$ cat start.csv   # CSV, C-alpha atoms
chain,number,residue,atom,x,y,z
A,266,MET,CA,-5.2,90.3,154.6
A,267,TYR,CA,-1.6,89.9,155.7
A,268,GLN,CA,0.6,91.4,152.9
A,269,THR,CA,4.1,90.2,152.2
A,270,ARG,CA,6.6,91.4,149.6
A,271,PRO,CA,7.9,88.3,147.9
A,272,PRO,CA,11.6,88.1,147.0
A,273,ALA,CA,12.4,89.5,143.6
A,274,ILE,CA,16.1,88.5,143.2
A,275,ALA,CA,16.3,85.1,144.9
A,276,GLY,CA,18.0,82.9,142.4
A,277,SER,CA,19.9,85.7,140.7
A,278,PHE,CA,21.6,87.9,143.3
A,279,TYR,CA,21.7,85.1,145.9
A,280,PRO,CA,20.6,81.4,146.0
A,281,ALA,CA,16.8,80.8,146.0
A,282,GLN,CA,17.2,77.5,147.9
A,283,LYS,CA,17.0,77.9,151.7
A,284,SER,CA,19.8,75.5,152.8
A,285,MET,CA,22.2,76.8,150.1
A,286,LEU,CA,21.5,80.4,151.0
A,287,ARG,CA,22.0,79.8,154.7
A,288,SER,CA,25.2,78.0,154.0
A,289,ASP,CA,26.6,80.7,151.6
A,290,VAL,CA,25.8,83.5,154.1
A,291,ALA,CA,27.4,81.5,157.0
A,292,THR,CA,30.5,80.8,154.9
A,293,MET,CA,30.9,84.5,154.1
A,294,LEU,CA,30.4,85.5,157.7
A,295,GLU,CA,33.0,83.0,158.9
A,296,ALA,CA,35.5,84.2,156.2
A,297,ALA,CA,34.9,87.9,157.0
A,298,LEU,CA,37.9,90.0,157.8
A,299,PRO,CA,38.0,90.4,161.6
A,300,ARG,CA,37.9,94.1,162.5
A,301,GLU,CA,38.8,95.5,165.9
A,302,ILE,CA,36.1,98.0,166.7
A,303,HIS,CA,35.7,99.5,170.2
A,304,SER,CA,32.0,99.6,170.2
A,305,SER,CA,29.0,98.1,168.3
A,306,PRO,CA,28.1,100.0,165.1
A,307,LYS,CA,25.1,102.3,165.4
A,308,ALA,CA,25.0,102.6,161.6
A,309,MET,CA,26.7,100.9,158.6
A,310,ILE,CA,27.1,101.4,154.9
A,311,VAL,CA,27.0,98.0,153.1
A,312,PRO,CA,27.2,97.1,149.4
A,313,HIS,CA,24.3,95.5,147.5
A,314,ALA,CA,25.4,93.6,144.4
A,315,GLY,CA,25.1,89.8,143.8
A,316,TYR,CA,26.7,87.8,146.6
A,317,ILE,CA,29.5,86.5,144.5
A,318,TYR,CA,30.6,90.1,143.9
A,319,SER,CA,29.9,92.1,147.1
A,320,GLY,CA,28.9,89.4,149.6
A,321,PRO,CA,32.3,89.1,151.2
A,322,VAL,CA,32.5,92.9,151.7
A,323,ALA,CA,29.0,93.0,153.2
A,324,ALA,CA,29.9,90.1,155.4
A,325,THR,CA,32.7,92.1,157.0
A,326,ALA,CA,30.1,94.6,158.1
A,327,TYR,CA,27.6,92.1,159.4
A,328,ALA,CA,30.2,90.1,161.2
A,329,SER,CA,31.0,93.3,163.3
A,330,LEU,CA,27.5,93.0,164.8
A,331,ALA,CA,28.3,89.8,166.7
A,332,ALA,CA,28.6,91.5,170.1
A,333,SER,CA,25.5,93.6,169.8
A,334,ALA,CA,23.2,91.3,167.8
A,335,HIS,CA,21.0,90.2,170.8
A,336,LYS,CA,20.3,93.9,171.6
A,337,ILE,CA,19.2,95.0,168.1
A,338,LYS,CA,15.5,94.8,167.7
A,339,ARG,CA,14.9,97.3,164.9
A,340,VAL,CA,16.8,97.7,161.6
A,341,VAL,CA,16.2,100.9,159.7
A,342,LEU,CA,17.2,100.0,156.2
A,343,LEU,CA,17.7,102.6,153.4
A,344,GLY,CA,18.7,101.9,149.8
A,345,PRO,CA,18.4,103.8,146.5
A,346,VAL,CA,15.7,103.0,144.0
A,347,HIS,CA,17.1,101.5,140.8
A,348,ARG,CA,14.0,100.8,138.7
A,349,VAL,CA,11.0,102.9,139.7
A,350,PRO,CA,11.6,106.7,140.3
A,351,VAL,CA,10.1,107.9,143.5
A,352,ARG,CA,9.9,111.3,145.3
A,353,GLY,CA,11.1,111.2,148.8
A,354,LEU,CA,11.5,108.0,150.9
A,355,ALA,CA,9.1,105.2,150.1
A,356,LEU,CA,7.6,102.7,152.5
A,357,PRO,CA,6.4,99.4,150.9
A,358,GLY,CA,2.9,99.3,152.3
A,359,VAL,CA,3.2,95.6,153.4
A,360,GLU,CA,3.5,93.8,156.7
A,361,ALA,CA,6.5,91.6,155.9
A,362,PHE,CA,9.4,91.0,153.5
A,363,ALA,CA,9.9,87.3,152.5
A,364,THR,CA,13.2,85.7,151.7
A,365,PRO,CA,14.1,82.0,151.3
A,366,LEU,CA,15.1,82.1,155.0
A,367,GLY,CA,11.6,83.2,156.2
A,368,ASP,CA,9.6,86.3,156.7
A,369,VAL,CA,11.0,89.6,158.2
A,370,GLN,CA,8.2,91.5,160.0
A,371,LEU,CA,8.0,95.2,159.5
A,372,ASP,CA,8.1,97.4,162.6
A,373,GLN,CA,4.6,99.0,162.4
A,374,SER,CA,5.1,101.2,165.5
A,375,ALA,CA,8.2,102.7,164.0
A,376,ILE,CA,6.5,103.1,160.6
A,377,ALA,CA,3.7,105.0,162.3
A,378,ILE,CA,6.2,107.5,163.7
A,379,ILE,CA,7.4,108.6,160.2
A,380,ALA,CA,4.4,107.8,158.0
A,381,ASN,CA,3.0,111.4,158.2
A,382,MET,CA,6.3,113.1,157.4
A,383,PRO,CA,5.9,115.0,154.1
A,384,GLN,CA,9.0,113.3,152.6
A,385,VAL,CA,7.7,109.8,153.4
A,386,VAL,CA,5.5,108.1,150.8
A,387,THR,CA,4.1,104.6,150.3
A,388,SER,CA,5.0,102.9,147.0
A,389,PRO,CA,4.7,99.2,146.6
A,390,GLN,CA,5.9,99.7,143.1
A,391,ALA,CA,9.2,101.2,144.2
A,392,HIS,CA,9.9,98.1,146.4
A,393,ALA,CA,8.5,95.3,144.2
A,394,LEU,CA,11.7,94.7,142.1
A,395,GLU,CA,14.2,96.7,144.1
A,396,HIS,CA,17.3,94.7,145.1
A,397,SER,CA,19.2,97.3,147.2
A,398,LEU,CA,17.2,96.4,150.3
A,399,GLU,CA,16.4,92.8,149.7
A,400,VAL,CA,20.0,91.6,149.4
A,401,GLN,CA,20.7,92.8,153.0
A,402,LEU,CA,17.9,90.7,154.5
A,403,PRO,CA,19.5,87.2,154.5
A,404,PHE,CA,22.6,88.6,156.2
A,405,LEU,CA,20.4,90.4,158.8
A,406,GLN,CA,18.4,87.2,159.3
A,407,ALA,CA,21.6,85.2,159.8
A,408,VAL,CA,23.2,87.6,162.4
A,409,LEU,CA,20.2,89.0,164.3
A,410,PRO,CA,18.1,86.6,166.4
A,411,ASP,CA,15.1,88.9,166.8
A,412,PHE,CA,14.4,92.1,164.8
A,413,LYS,CA,11.8,94.0,162.9
A,414,LEU,CA,12.4,96.1,159.8
A,415,VAL,CA,11.8,99.6,158.6
A,416,PRO,CA,12.6,99.5,154.8
A,417,LEU,CA,12.8,102.7,152.9
A,418,ALA,CA,13.5,103.0,149.2
A,419,VAL,CA,15.1,106.4,148.7
A,420,GLY,CA,14.4,108.4,145.6
A,421,ASP,CA,14.5,112.1,145.0
A,422,ALA,CA,15.2,113.5,148.4
A,423,THR,CA,17.6,116.0,150.1
A,424,PRO,CA,20.2,114.8,152.6
A,425,ALA,CA,18.3,116.9,155.2
A,426,GLN,CA,15.0,115.1,154.5
A,427,VAL,CA,16.8,111.7,154.9
A,428,ALA,CA,18.5,112.9,158.1
A,429,ALA,CA,15.1,114.0,159.6
A,430,VAL,CA,13.7,110.5,159.1
A,431,LEU,CA,16.7,108.9,160.7
A,432,GLU,CA,16.4,111.3,163.6
A,433,LYS,CA,12.8,110.2,164.3
A,434,LEU,CA,13.9,106.6,164.4
A,435,TRP,CA,17.3,107.1,166.0
A,436,GLY,CA,16.5,105.2,169.2
A,437,GLY,CA,19.2,103.6,171.3
A,438,GLU,CA,21.2,100.4,171.1
A,439,GLU,CA,18.1,98.5,170.0
A,440,THR,CA,18.1,100.4,166.7
A,441,LEU,CA,20.6,99.7,163.9
A,442,ILE,CA,20.7,101.9,160.7
A,443,VAL,CA,21.9,100.2,157.5
A,444,ILE,CA,22.5,102.2,154.3
A,445,SER,CA,22.8,100.1,151.2
A,446,SER,CA,25.1,101.5,148.5
A,447,ASP,CA,27.7,100.5,146.0
A,448,LEU,CA,30.5,102.9,144.9
A,449,SER,CA,31.7,103.6,141.3
A,450,HIS,CA,30.3,101.6,138.4
A,451,PHE,CA,32.0,100.1,135.4
A,452,LEU,CA,35.4,101.9,135.6
A,453,PRO,CA,38.7,100.1,134.9
A,454,TYR,CA,40.1,98.5,138.0
A,455,TYR,CA,42.8,101.0,139.0
A,456,VAL,CA,40.7,104.0,138.0
A,457,ALA,CA,37.9,102.7,140.2
A,458,GLN,CA,40.3,102.2,143.1
A,459,SER,CA,41.4,105.8,143.0
A,460,VAL,CA,37.9,107.3,142.5
A,461,ASP,CA,36.5,105.1,145.3
A,462,GLN,CA,39.4,106.0,147.6
A,463,GLU,CA,38.3,109.7,147.4
A,464,THR,CA,34.7,108.8,148.0
A,465,VAL,CA,35.5,106.6,151.0
A,466,GLN,CA,37.8,109.3,152.4
A,467,ALA,CA,35.0,111.9,152.1
A,468,ILE,CA,32.6,109.6,154.0
A,469,LEU,CA,35.2,108.9,156.7
A,470,ASP,CA,35.7,112.7,157.0
A,471,LEU,CA,31.8,113.2,157.0
A,472,ARG,CA,32.4,115.6,154.1
A,473,GLY,CA,29.2,115.5,151.9
A,474,PRO,CA,27.6,115.5,149.6
A,475,VAL,CA,28.7,112.3,147.8
A,476,SER,CA,27.4,112.3,144.2
A,477,HIS,CA,25.4,109.5,142.5
A,478,ASP,CA,28.4,108.8,140.2
A,479,GLN,CA,30.5,108.2,143.3
A,480,ALA,CA,27.9,106.0,145.1
A,481,CYS,CA,24.4,104.9,143.9
A,482,GLY,CA,23.2,105.3,147.4
A,483,GLY,CA,24.6,108.8,147.6
A,484,THR,CA,21.3,110.3,148.9
A,485,PRO,CA,20.9,108.0,151.9
A,486,ILE,CA,24.7,108.2,152.6
A,487,ASN,CA,24.5,112.0,152.6
A,488,GLY,CA,21.6,111.9,155.0
A,489,LEU,CA,23.5,109.5,157.3
A,490,MET,CA,26.5,111.8,157.3
A,491,LEU,CA,24.4,114.7,158.5
A,492,ALA,CA,22.9,112.6,161.3
A,493,ALA,CA,26.3,111.1,162.1
A,494,SER,CA,27.8,114.5,162.5
A,495,LYS,CA,25.0,115.6,164.8
A,496,HIS,CA,25.3,112.5,167.0
A,497,HIS,CA,29.2,112.5,167.0
A,498,LEU,CA,29.4,109.1,165.3
A,499,ARG,CA,32.9,108.1,164.1
A,500,PRO,CA,33.1,106.3,160.8
A,501,GLN,CA,35.5,103.4,160.5
A,502,LEU,CA,36.4,101.7,157.3
A,503,LEU,CA,35.9,97.9,157.6
A,504,ASP,CA,36.4,96.7,154.1
A,505,TYR,CA,36.9,98.0,150.5
A,506,ARG,CA,37.1,95.8,147.5
A,507,ASN,CA,35.7,95.9,144.0
A,508,SER,CA,34.3,93.2,141.7
A,509,GLY,CA,37.7,92.8,140.1
A,510,ASP,CA,38.9,91.6,143.5
A,511,THR,CA,36.0,89.2,144.0
A,512,ALA,CA,34.4,87.7,140.9
A,513,GLY,CA,34.6,90.0,137.9
A,514,ASP,CA,37.1,91.0,135.2
A,515,LYS,CA,39.2,94.1,135.8
A,516,GLN,CA,38.1,96.1,132.8
A,517,ARG,CA,34.7,97.3,134.2
A,518,VAL,CA,34.4,97.0,137.9
A,519,VAL,CA,31.9,98.1,140.6
A,520,GLY,CA,33.3,99.3,143.9
A,521,TYR,CA,32.1,98.0,147.3
A,522,VAL,CA,32.7,99.4,150.8
A,523,SER,CA,31.7,98.5,154.3
A,524,ILE,CA,31.9,101.4,156.8
A,525,ALA,CA,30.8,101.2,160.5
A,526,PHE,CA,29.6,104.3,162.3
A,527,LEU,CA,30.5,104.1,166.0
A,528,GLU,CA,29.3,106.0,169.0
A,529,GLU,CA,32.3,107.8,170.6
A,530,PRO,CA,33.0,106.3,174.0
A,531,ALA,CA,31.8,108.7,176.7
A,532,HIS,CA,34.7,110.6,178.3
A,533,GLY,CA,35.2,110.9,182.0
A,534,HIS,CA,33.0,108.0,183.0
$ encode --input "start.csv" --output "structure tokens"
Amino acid sequence: MYQTRPPAIAGSFYPAQKSMLRSDVATMLEAALPREIHSSPKAMIVPHAGYIYSGPVAATAYASLAASAHKIKRVVLLGPVHRVPVRGLALPGVEAFATPLGDVQLDQSAIAIIANMPQVVTSPQAHALEHSLEVQLPFLQAVLPDFKLVPLAVGDATPAQVAAVLEKLWGGEETLIVISSDLSHFLPYYVAQSVDQETVQAILDLRGPVSHDQACGGTPINGLMLAASKHHLRPQLLDYRNSGDTAGDKQRVVGYVSIAFLEEPAHGH
């Protein structure tokens, strides 16, 4: 039996209707802030709220994949669990994730590489209602012509455990790593800006660990920072806004950032 995880948040975080979803994502990608980057991102941190809130910031990151989209065949997608606690990094135990735009196949050969690691577990429950991974899929489906997915819902894990999983799946230009995280939650607008500015600077300096108060995806971010240091990736800020800038009031905002991690150009070639 071919098992697919159905969408859990279509109709709430993003439109459930295929044509409307496709059009909304295309509009956000077209409106995305153009960013000069010297190479294609190897990894990205992207926000995961409802599209009216964080979609424009996410689009800035996804638009930066235009030049490399045809090379990317595998997306390793990590996001924090919000509803079901889990120890380690959880695989969903299915063959595909469905969205209104169609099915995204999971990369079974990549999953086999990490499935026996002690920090990797299988938990359909952790994935069933989790929005942090699902909201990224329509963007990935819009910008990448042909890719398979390794979705990991990250619970109680150390940065080193996350980095070890990323290391196994690091690959080359065919592999993109996406970390799904929002920043501060429910602070007044100007307080959030200053708190988030410190968090963003810590990430740009690869200075971990970032706490869960600073970023709900702190654990996968911290793992990525370890891996990025080892691989000499250079973080570049693409976009920072909060819900007070996009679609919410300014009394209680949520912060959103898009950061690309770029491979340093080889010197002397």
$ axis_aligned_box --input "start.csv" --around "stretch 479-494 of chain A" --padding-each-side "8 Å" --output "lines of an AutoDock Vina configuration file"
center_x = 25.7
center_y = 109.8
center_z = 152.9
size_x = 25.6
size_y = 25.8
size_z = 35.2
$ residues_around --input "start.csv" --residues "stretch 377-387 of chain A" --least-positions-apart "4" --cutoff "12 Å" --atoms "all atoms listed in the file" --output "number ranges by chain"
A: 341, 351-359, 371-373, 391-393, 415-436
$ residues_around --input "start.csv" --residues "A:Tyr316" --least-positions-apart "3" --cutoff "6 Å" --atoms "all atoms listed in the file" --output "list in words"
Tyr279, Ser319 and Gly320 of chain A
$ write_last_selection --input "start.csv" --atoms "C-alpha atoms" --output "PDB file, keeping the file's coordinate frame"
ATOM      1  CA  TYR A 279      21.700  85.100 145.900  1.00  0.00           C
ATOM      2  CA  SER A 319      29.900  92.100 147.100  1.00  0.00           C
ATOM      3  CA  GLY A 320      28.900  89.400 149.600  1.00  0.00           C
TER       4      GLY A 320
END
$ closest_residue --input "start.csv" --among "A:Pro500, A:Pro306, A:Pro280, A:Pro271" --to "A:Ala332" --atoms "only C-alpha atoms"
A:Pro306
$ closest_residue --input "start.csv" --among "A:Thr511, A:Thr292, A:Ser305, A:Thr464" --to "A:Leu441" --atoms "only C-alpha atoms"
A:Ser305
$ residues_around --input "start.csv" --residues "stretch 394-400 of chain A" --least-positions-apart "6" --cutoff "10 Å" --atoms "all atoms listed in the file" --output "VMD selection string"
chain A and resid 270 to 275 278 to 279 311 to 316 320 323 342 to 349 362 to 364 416 to 418 443 to 447 481 to 482
$ decode --input "start.csv" --residues "stretch 433-472 of chain A" --atoms "N, CA and C atoms" --output "PDB file, in the first residue's frame"
ATOM      1  N   LYS A 433      25.425  13.253   6.931  1.00  0.00           N
ATOM      2  CA  LYS A 433      25.193  12.033   6.141  1.00  0.00           C
ATOM      3  C   LYS A 433      24.506  12.333   4.808  1.00  0.00           C
ATOM      4  N   LEU A 434      23.710  13.403   4.805  1.00  0.00           N
ATOM      5  CA  LEU A 434      22.904  13.716   3.614  1.00  0.00           C
ATOM      6  C   LEU A 434      23.437  14.922   2.859  1.00  0.00           C
ATOM      7  N   TRP A 435      24.646  15.385   3.214  1.00  0.00           N
ATOM      8  CA  TRP A 435      25.150  16.668   2.729  1.00  0.00           C
ATOM      9  C   TRP A 435      25.185  16.751   1.203  1.00  0.00           C
ATOM     10  N   GLY A 436      25.761  15.714   0.571  1.00  0.00           N
ATOM     11  CA  GLY A 436      25.767  15.643  -0.889  1.00  0.00           C
ATOM     12  C   GLY A 436      26.459  16.826  -1.537  1.00  0.00           C
ATOM     13  N   GLY A 437      26.090  17.094  -2.785  1.00  0.00           N
ATOM     14  CA  GLY A 437      26.652  18.202  -3.551  1.00  0.00           C
ATOM     15  C   GLY A 437      25.557  19.167  -3.947  1.00  0.00           C
ATOM     16  N   GLU A 438      25.671  19.726  -5.150  1.00  0.00           N
ATOM     17  CA  GLU A 438      24.715  20.759  -5.562  1.00  0.00           C
ATOM     18  C   GLU A 438      23.321  20.189  -5.806  1.00  0.00           C
ATOM     19  N   GLU A 439      23.226  18.850  -5.830  1.00  0.00           N
ATOM     20  CA  GLU A 439      21.892  18.246  -6.011  1.00  0.00           C
ATOM     21  C   GLU A 439      21.076  18.264  -4.717  1.00  0.00           C
ATOM     22  N   THR A 440      21.710  18.579  -3.590  1.00  0.00           N
ATOM     23  CA  THR A 440      21.037  18.526  -2.288  1.00  0.00           C
ATOM     24  C   THR A 440      20.912  19.919  -1.677  1.00  0.00           C
ATOM     25  N   LEU A 441      19.686  20.295  -1.357  1.00  0.00           N
ATOM     26  CA  LEU A 441      19.395  21.560  -0.674  1.00  0.00           C
ATOM     27  C   LEU A 441      18.887  21.244   0.732  1.00  0.00           C
ATOM     28  N   ILE A 442      19.388  21.983   1.711  1.00  0.00           N
ATOM     29  CA  ILE A 442      18.931  21.830   3.098  1.00  0.00           C
ATOM     30  C   ILE A 442      18.049  23.028   3.441  1.00  0.00           C
ATOM     31  N   VAL A 443      16.841  22.759   3.929  1.00  0.00           N
ATOM     32  CA  VAL A 443      15.927  23.829   4.325  1.00  0.00           C
ATOM     33  C   VAL A 443      15.561  23.646   5.796  1.00  0.00           C
ATOM     34  N   ILE A 444      15.815  24.682   6.593  1.00  0.00           N
ATOM     35  CA  ILE A 444      15.451  24.675   8.010  1.00  0.00           C
ATOM     36  C   ILE A 444      14.273  25.633   8.180  1.00  0.00           C
ATOM     37  N   SER A 445      13.182  25.101   8.715  1.00  0.00           N
ATOM     38  CA  SER A 445      11.948  25.867   8.870  1.00  0.00           C
ATOM     39  C   SER A 445      11.863  26.403  10.291  1.00  0.00           C
ATOM     40  N   SER A 446      11.863  27.743  10.442  1.00  0.00           N
ATOM     41  CA  SER A 446      11.787  28.328  11.789  1.00  0.00           C
ATOM     42  C   SER A 446      11.240  29.738  11.741  1.00  0.00           C
ATOM     43  N   ASP A 447      10.425  30.083  12.731  1.00  0.00           N
ATOM     44  CA  ASP A 447      10.097  31.479  12.984  1.00  0.00           C
ATOM     45  C   ASP A 447      11.028  31.989  14.086  1.00  0.00           C
ATOM     46  N   LEU A 448      10.979  33.296  14.331  1.00  0.00           N
ATOM     47  CA  LEU A 448      11.820  33.891  15.373  1.00  0.00           C
ATOM     48  C   LEU A 448      10.975  34.145  16.626  1.00  0.00           C
ATOM     49  N   SER A 449      11.064  35.328  17.212  1.00  0.00           N
ATOM     50  CA  SER A 449      10.360  35.582  18.479  1.00  0.00           C
ATOM     51  C   SER A 449       8.845  35.534  18.275  1.00  0.00           C
ATOM     52  N   HIS A 450       8.143  35.213  19.346  1.00  0.00           N
ATOM     53  CA  HIS A 450       6.691  35.089  19.294  1.00  0.00           C
ATOM     54  C   HIS A 450       6.020  36.058  20.260  1.00  0.00           C
ATOM     55  N   PHE A 451       5.069  36.843  19.729  1.00  0.00           N
ATOM     56  CA  PHE A 451       4.096  37.590  20.534  1.00  0.00           C
ATOM     57  C   PHE A 451       4.705  38.699  21.382  1.00  0.00           C
ATOM     58  N   LEU A 452       5.795  39.296  20.911  1.00  0.00           N
ATOM     59  CA  LEU A 452       6.327  40.490  21.561  1.00  0.00           C
ATOM     60  C   LEU A 452       5.764  41.726  20.844  1.00  0.00           C
ATOM     61  N   PRO A 453       5.783  42.887  21.529  1.00  0.00           N
ATOM     62  CA  PRO A 453       5.429  44.121  20.814  1.00  0.00           C
ATOM     63  C   PRO A 453       6.434  44.378  19.684  1.00  0.00           C
ATOM     64  N   TYR A 454       5.974  45.072  18.652  1.00  0.00           N
ATOM     65  CA  TYR A 454       6.723  45.247  17.406  1.00  0.00           C
ATOM     66  C   TYR A 454       8.191  45.633  17.607  1.00  0.00           C
ATOM     67  N   TYR A 455       8.441  46.714  18.341  1.00  0.00           N
ATOM     68  CA  TYR A 455       9.832  47.204  18.424  1.00  0.00           C
ATOM     69  C   TYR A 455      10.698  46.318  19.315  1.00  0.00           C
ATOM     70  N   VAL A 456      10.083  45.720  20.319  1.00  0.00           N
ATOM     71  CA  VAL A 456      10.815  44.757  21.154  1.00  0.00           C
ATOM     72  C   VAL A 456      11.235  43.556  20.296  1.00  0.00           C
ATOM     73  N   ALA A 457      10.284  43.071  19.507  1.00  0.00           N
ATOM     74  CA  ALA A 457      10.568  41.927  18.628  1.00  0.00           C
ATOM     75  C   ALA A 457      11.708  42.257  17.674  1.00  0.00           C
ATOM     76  N   GLN A 458      11.672  43.461  17.100  1.00  0.00           N
ATOM     77  CA  GLN A 458      12.736  43.826  16.165  1.00  0.00           C
ATOM     78  C   GLN A 458      14.103  43.749  16.827  1.00  0.00           C
ATOM     79  N   SER A 459      14.204  44.238  18.060  1.00  0.00           N
ATOM     80  CA  SER A 459      15.523  44.245  18.689  1.00  0.00           C
ATOM     81  C   SER A 459      15.946  42.846  19.145  1.00  0.00           C
ATOM     82  N   VAL A 460      14.999  42.067  19.661  1.00  0.00           N
ATOM     83  CA  VAL A 460      15.302  40.674  20.043  1.00  0.00           C
ATOM     84  C   VAL A 460      15.727  39.873  18.811  1.00  0.00           C
ATOM     85  N   ASP A 461      14.949  40.018  17.733  1.00  0.00           N
ATOM     86  CA  ASP A 461      15.233  39.259  16.511  1.00  0.00           C
ATOM     87  C   ASP A 461      16.554  39.683  15.884  1.00  0.00           C
ATOM     88  N   GLN A 462      16.878  40.971  15.997  1.00  0.00           N
ATOM     89  CA  GLN A 462      18.132  41.451  15.422  1.00  0.00           C
ATOM     90  C   GLN A 462      19.315  40.734  16.066  1.00  0.00           C
ATOM     91  N   GLU A 463      19.245  40.536  17.381  1.00  0.00           N
ATOM     92  CA  GLU A 463      20.323  39.812  18.075  1.00  0.00           C
ATOM     93  C   GLU A 463      20.381  38.353  17.636  1.00  0.00           C
ATOM     94  N   THR A 464      19.207  37.735  17.484  1.00  0.00           N
ATOM     95  CA  THR A 464      19.152  36.339  17.039  1.00  0.00           C
ATOM     96  C   THR A 464      19.740  36.194  15.640  1.00  0.00           C
ATOM     97  N   VAL A 465      19.311  37.077  14.740  1.00  0.00           N
ATOM     98  CA  VAL A 465      19.785  37.023  13.353  1.00  0.00           C
ATOM     99  C   VAL A 465      21.292  37.224  13.307  1.00  0.00           C
ATOM    100  N   GLN A 466      21.792  38.165  14.105  1.00  0.00           N
ATOM    101  CA  GLN A 466      23.241  38.411  14.108  1.00  0.00           C
ATOM    102  C   GLN A 466      24.003  37.183  14.611  1.00  0.00           C
ATOM    103  N   ALA A 467      23.458  36.517  15.624  1.00  0.00           N
ATOM    104  CA  ALA A 467      24.100  35.297  16.140  1.00  0.00           C
ATOM    105  C   ALA A 467      24.172  34.234  15.043  1.00  0.00           C
ATOM    106  N   ILE A 468      23.102  34.098  14.266  1.00  0.00           N
ATOM    107  CA  ILE A 468      23.097  33.105  13.183  1.00  0.00           C
ATOM    108  C   ILE A 468      24.096  33.507  12.100  1.00  0.00           C
ATOM    109  N   LEU A 469      24.106  34.797  11.747  1.00  0.00           N
ATOM    110  CA  LEU A 469      25.032  35.252  10.704  1.00  0.00           C
ATOM    111  C   LEU A 469      26.485  35.074  11.132  1.00  0.00           C
ATOM    112  N   ASP A 470      26.722  35.147  12.447  1.00  0.00           N
ATOM    113  CA  ASP A 470      28.080  34.939  12.984  1.00  0.00           C
ATOM    114  C   ASP A 470      28.354  33.467  13.282  1.00  0.00           C
ATOM    115  N   LEU A 471      27.352  32.599  13.016  1.00  0.00           N
ATOM    116  CA  LEU A 471      27.436  31.161  13.359  1.00  0.00           C
ATOM    117  C   LEU A 471      27.776  30.976  14.837  1.00  0.00           C
ATOM    118  N   ARG A 472      27.137  31.796  15.684  1.00  0.00           N
ATOM    119  CA  ARG A 472      27.347  31.744  17.136  1.00  0.00           C
ATOM    120  C   ARG A 472      26.133  31.096  17.774  1.00  0.00           C
TER     121      ARG A 472
END
